[in-house]
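Structure data follow from structure02.cif (mmCIF, C-alpha atoms):
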```cif
data_protein
loop_
_atom_site.label_atom_id
_atom_site.label_comp_id
_atom_site.auth_asym_id
_atom_site.auth_seq_id
_atom_site.Cartn_x
_atom_site.Cartn_y
_atom_site.Cartn_z
CA MET A 1 8.08 19.69 -12.25
CA GLU A 2 8.88 16.41 -14.04
CA PHE A 3 7.37 14.46 -11.14
CA ILE A 4 4.13 16.47 -11.45
CA ASN A 5 3.98 15.79 -15.21
CA LYS A 6 4.45 12.05 -14.62
CA ALA A 7 1.84 12.03 -11.86
CA PHE A 8 -0.57 13.83 -14.19
CA CYS A 9 0.00 11.17 -16.88
CA VAL A 10 -0.78 8.39 -14.40
CA GLY A 11 -3.82 10.25 -13.04
CA LEU A 12 -5.31 11.05 -16.44
CA GLY A 13 -4.73 7.50 -17.66
CA GLY A 14 -6.24 6.12 -14.46
CA PHE A 15 -9.27 8.38 -14.78
CA LEU A 16 -9.93 7.29 -18.36
CA GLY A 17 -9.19 3.62 -17.63
CA SER A 18 -11.55 3.41 -14.68
CA ILE A 19 -14.36 5.09 -16.63
CA SER A 20 -13.76 2.71 -19.53
CA ARG A 21 -13.87 -0.25 -17.16
CA TYR A 22 -17.13 0.96 -15.61
CA LEU A 23 -18.79 1.46 -19.02
CA LEU A 24 -17.67 -1.90 -20.41
CA ASP A 25 -18.53 -3.72 -17.17
CA SER A 26 -22.02 -2.20 -17.24
CA ARG A 27 -22.57 -3.40 -20.81
CA LEU A 28 -21.18 -6.88 -20.18
CA LYS A 29 -23.44 -7.35 -17.14
CA LEU A 30 -26.42 -6.93 -19.47
CA ILE A 31 -25.15 -9.92 -21.45
CA PHE A 32 -23.76 -12.20 -18.73
CA HIS A 33 -25.86 -13.26 -15.77
CA GLY A 34 -25.17 -15.87 -13.12
CA SER A 35 -22.70 -16.70 -10.43
CA PHE A 36 -19.58 -16.64 -12.64
CA PRO A 37 -18.19 -13.09 -13.00
CA PHE A 38 -17.52 -13.08 -16.76
CA PRO A 39 -17.40 -9.26 -17.08
CA THR A 40 -14.33 -8.98 -14.83
CA LEU A 41 -12.66 -11.91 -16.56
CA ILE A 42 -13.24 -10.41 -20.02
CA ILE A 43 -12.04 -6.95 -18.98
CA ASN A 44 -8.91 -8.28 -17.27
CA LEU A 45 -8.06 -10.50 -20.25
CA LEU A 46 -8.54 -7.60 -22.66
CA GLY A 47 -6.26 -5.53 -20.46
CA ALA A 48 -3.64 -8.29 -20.42
CA PHE A 49 -3.66 -8.44 -24.23
CA PHE A 50 -3.38 -4.66 -24.54
CA ILE A 51 -0.54 -4.48 -22.00
CA GLY A 52 1.45 -6.93 -24.12
CA LEU A 53 0.53 -5.07 -27.31
CA THR A 54 1.44 -1.70 -25.82
CA LEU A 55 4.78 -2.94 -24.47
CA GLY A 56 5.60 -4.37 -27.88
CA LEU A 57 4.72 -1.16 -29.71
CA LEU A 58 6.27 1.39 -27.35
CA PRO A 59 9.64 2.70 -28.37
CA LEU A 60 11.99 1.61 -25.61
CA THR A 61 13.82 4.86 -25.02
CA GLU A 62 14.05 6.43 -21.59
CA LYS A 63 12.37 9.71 -22.56
CA SER A 64 9.48 8.31 -24.63
CA LEU A 65 8.88 5.39 -22.29
CA ASN A 66 8.28 7.54 -19.25
CA HIS A 67 5.17 9.53 -20.15
CA ILE A 68 3.55 7.14 -22.63
CA TYR A 69 4.22 4.14 -20.41
CA LEU A 70 2.92 5.96 -17.33
CA PHE A 71 -0.24 7.09 -19.12
CA LEU A 72 -1.10 3.83 -20.93
CA ILE A 73 0.17 1.07 -18.64
CA THR A 74 0.48 2.49 -15.13
CA GLY A 75 -2.56 4.74 -15.58
CA PHE A 76 -5.10 3.51 -18.12
CA LEU A 77 -4.56 -0.25 -18.27
CA ALA A 78 -3.83 -0.63 -14.55
CA SER A 79 -7.13 1.03 -13.67
CA PHE A 80 -8.97 -0.74 -16.51
CA THR A 81 -7.93 -4.10 -15.10
CA THR A 82 -8.11 -4.79 -11.40
CA PHE A 83 -6.74 -7.39 -9.06
CA SER A 84 -8.92 -6.17 -6.22
CA THR A 85 -12.14 -6.96 -8.11
CA LEU A 86 -10.77 -10.38 -8.99
CA SER A 87 -10.03 -10.97 -5.29
CA LEU A 88 -13.47 -9.79 -4.18
CA GLU A 89 -15.29 -11.92 -6.73
CA ALA A 90 -13.14 -14.95 -5.87
CA LEU A 91 -14.13 -14.50 -2.23
CA GLN A 92 -17.81 -14.25 -3.21
CA ILE A 93 -17.53 -17.49 -5.21
CA LEU A 94 -15.81 -19.14 -2.23
CA LYS A 95 -18.60 -18.04 0.13
CA GLN A 96 -21.07 -19.79 -2.18
CA ASN A 97 -19.01 -23.00 -1.90
CA LEU A 98 -18.56 -23.08 -5.69
CA TYR A 99 -15.07 -24.53 -5.52
CA LEU A 100 -14.76 -25.59 -9.16
CA ASN A 101 -15.92 -22.14 -10.28
CA LEU A 102 -13.32 -20.59 -7.98
CA ILE A 103 -10.50 -22.73 -9.37
CA GLY A 104 -11.64 -22.01 -12.93
CA TYR A 105 -11.95 -18.28 -12.28
CA ILE A 106 -8.46 -17.96 -10.83
CA PHE A 107 -6.95 -20.32 -13.41
CA LEU A 108 -8.51 -18.43 -16.34
CA HIS A 109 -7.30 -15.08 -15.03
CA ILE A 110 -3.73 -16.20 -14.50
CA ILE A 111 -3.11 -18.62 -17.37
CA LEU A 112 -5.13 -16.79 -20.02
CA GLY A 113 -3.88 -13.43 -18.74
CA ILE A 114 -0.25 -14.41 -19.19
CA PHE A 115 -1.01 -16.03 -22.56
CA LEU A 116 -2.87 -12.95 -23.84
CA THR A 117 -0.10 -10.62 -22.67
CA TYR A 118 2.32 -12.78 -24.66
CA LEU A 119 -0.07 -12.85 -27.64
CA GLY A 120 -0.43 -9.07 -27.54
CA PHE A 121 3.34 -8.68 -27.50
CA LYS A 122 3.70 -11.06 -30.46
CA PHE A 123 0.88 -9.26 -32.31
CA SER A 124 2.80 -6.01 -31.91
CA ASN A 125 5.62 -7.58 -33.94
CA LEU A 126 3.18 -8.28 -36.78
CA ILE A 127 2.03 -4.67 -36.68
CA LYS A 128 5.60 -3.35 -36.68
CA ASN A 129 6.60 -5.62 -39.57
CA TYR A 130 3.55 -4.79 -41.67
#
```

This entry written out as structure tokens:
Amino acid sequence: MEFINKAFCVGLGGFLGSISRYLLDSRLKLIFHGSFPFPTLIINLLGAFFIGLTLGLLPLTEKSLNHIYLFLITGFLASFTTFSTLSLEALQILKQNLYLNLIGYIFLHIILGIFLTYLGFKFSNLIKNY
């Protein structure tokens, strides 16, 4: 039964995360036009920040970590962000021979993603100490 409960947490989080991604992506595409996929970059960087923030705020006990972690990180944030969309859009940029855009796109995802995960984690310390 515990496995079913954990799977439900992941599924519900994934359902809500993917809908949130779709809604935000739709709005961002109204703002950003052109060959550089800013909506995916913004969504993935937001997700990176919130993963760091969530990890910093979660109580690190076995029991509490399981369901909250599975819902928020494995479910919601994993479906909110997506490596597959990054890969697809990188391939589309490559097919257009926009090599500098490709390097920038990948660089921004990786470097800023790691930095924002770190920043989110550090921000959680400010929240906890406030």

Checklist line | Residue members of the PyMOL selection byres ((chain A and resi 5-19) around 7) in the file shown, as JSON, numbers by chain | finding: {"A": [1, 2, 3, 4, 20, 21, 22, 23, 67, 70, 71, 72, 74, 75, 76, 77, 79, 80]}

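What separates CA of Leu119 (chain A) from CA of Phe49 (chain A) is a distance of 6.6 Å.
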
Check: Which residues, written as an NGL selection string, have at least one atom at most 12 Å from Phe83 (chain A), with all atoms listed in the file counted and residues fewer than 5 positions away on the same chain left out?
Finding: :A and (40-41 or 43-45 or 47-48 or 77-78 or 88-90 or 106 or 109-110 or 113)

Would you mind exporting C-alpha atoms of the selected residues as a compact mmCIF listing (two decimals), in the frame of the given file?
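Contents of the output file result.txt:
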```txt
# COMPACT_ATOMS: atom_id res chain seq x y z
CA THR A 40 -14.33 -8.98 -14.83
CA LEU A 41 -12.66 -11.91 -16.56
CA ILE A 43 -12.04 -6.95 -18.98
CA ASN A 44 -8.91 -8.28 -17.27
CA LEU A 45 -8.06 -10.50 -20.25
CA GLY A 47 -6.26 -5.53 -20.46
CA ALA A 48 -3.64 -8.29 -20.42
CA LEU A 77 -4.56 -0.25 -18.27
CA ALA A 78 -3.83 -0.63 -14.55
CA LEU A 88 -13.47 -9.79 -4.18
CA GLU A 89 -15.29 -11.92 -6.73
CA ALA A 90 -13.14 -14.95 -5.87
CA ILE A 106 -8.46 -17.96 -10.83
CA HIS A 109 -7.30 -15.08 -15.03
CA ILE A 110 -3.73 -16.20 -14.50
CA GLY A 113 -3.88 -13.43 -18.74
```

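Atom to atom, CA of Lys128 (chain A) and CA of Phe115 (chain A) stand 20.1 Å apart.
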
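The space between CA of Ile73 (chain A) and CA of Ile114 (chain A) spans 15.5 Å.
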
Check: Which residue gives the smallest distance to Ser124 (chain A) among A:Thr54, A:Asn101, A:Gln92, A:Ser26, with only C-alpha atoms counted?
Finding: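 Looking only at the distances to Ser124 (chain A), the closest residue turns out to be A:Thr54.
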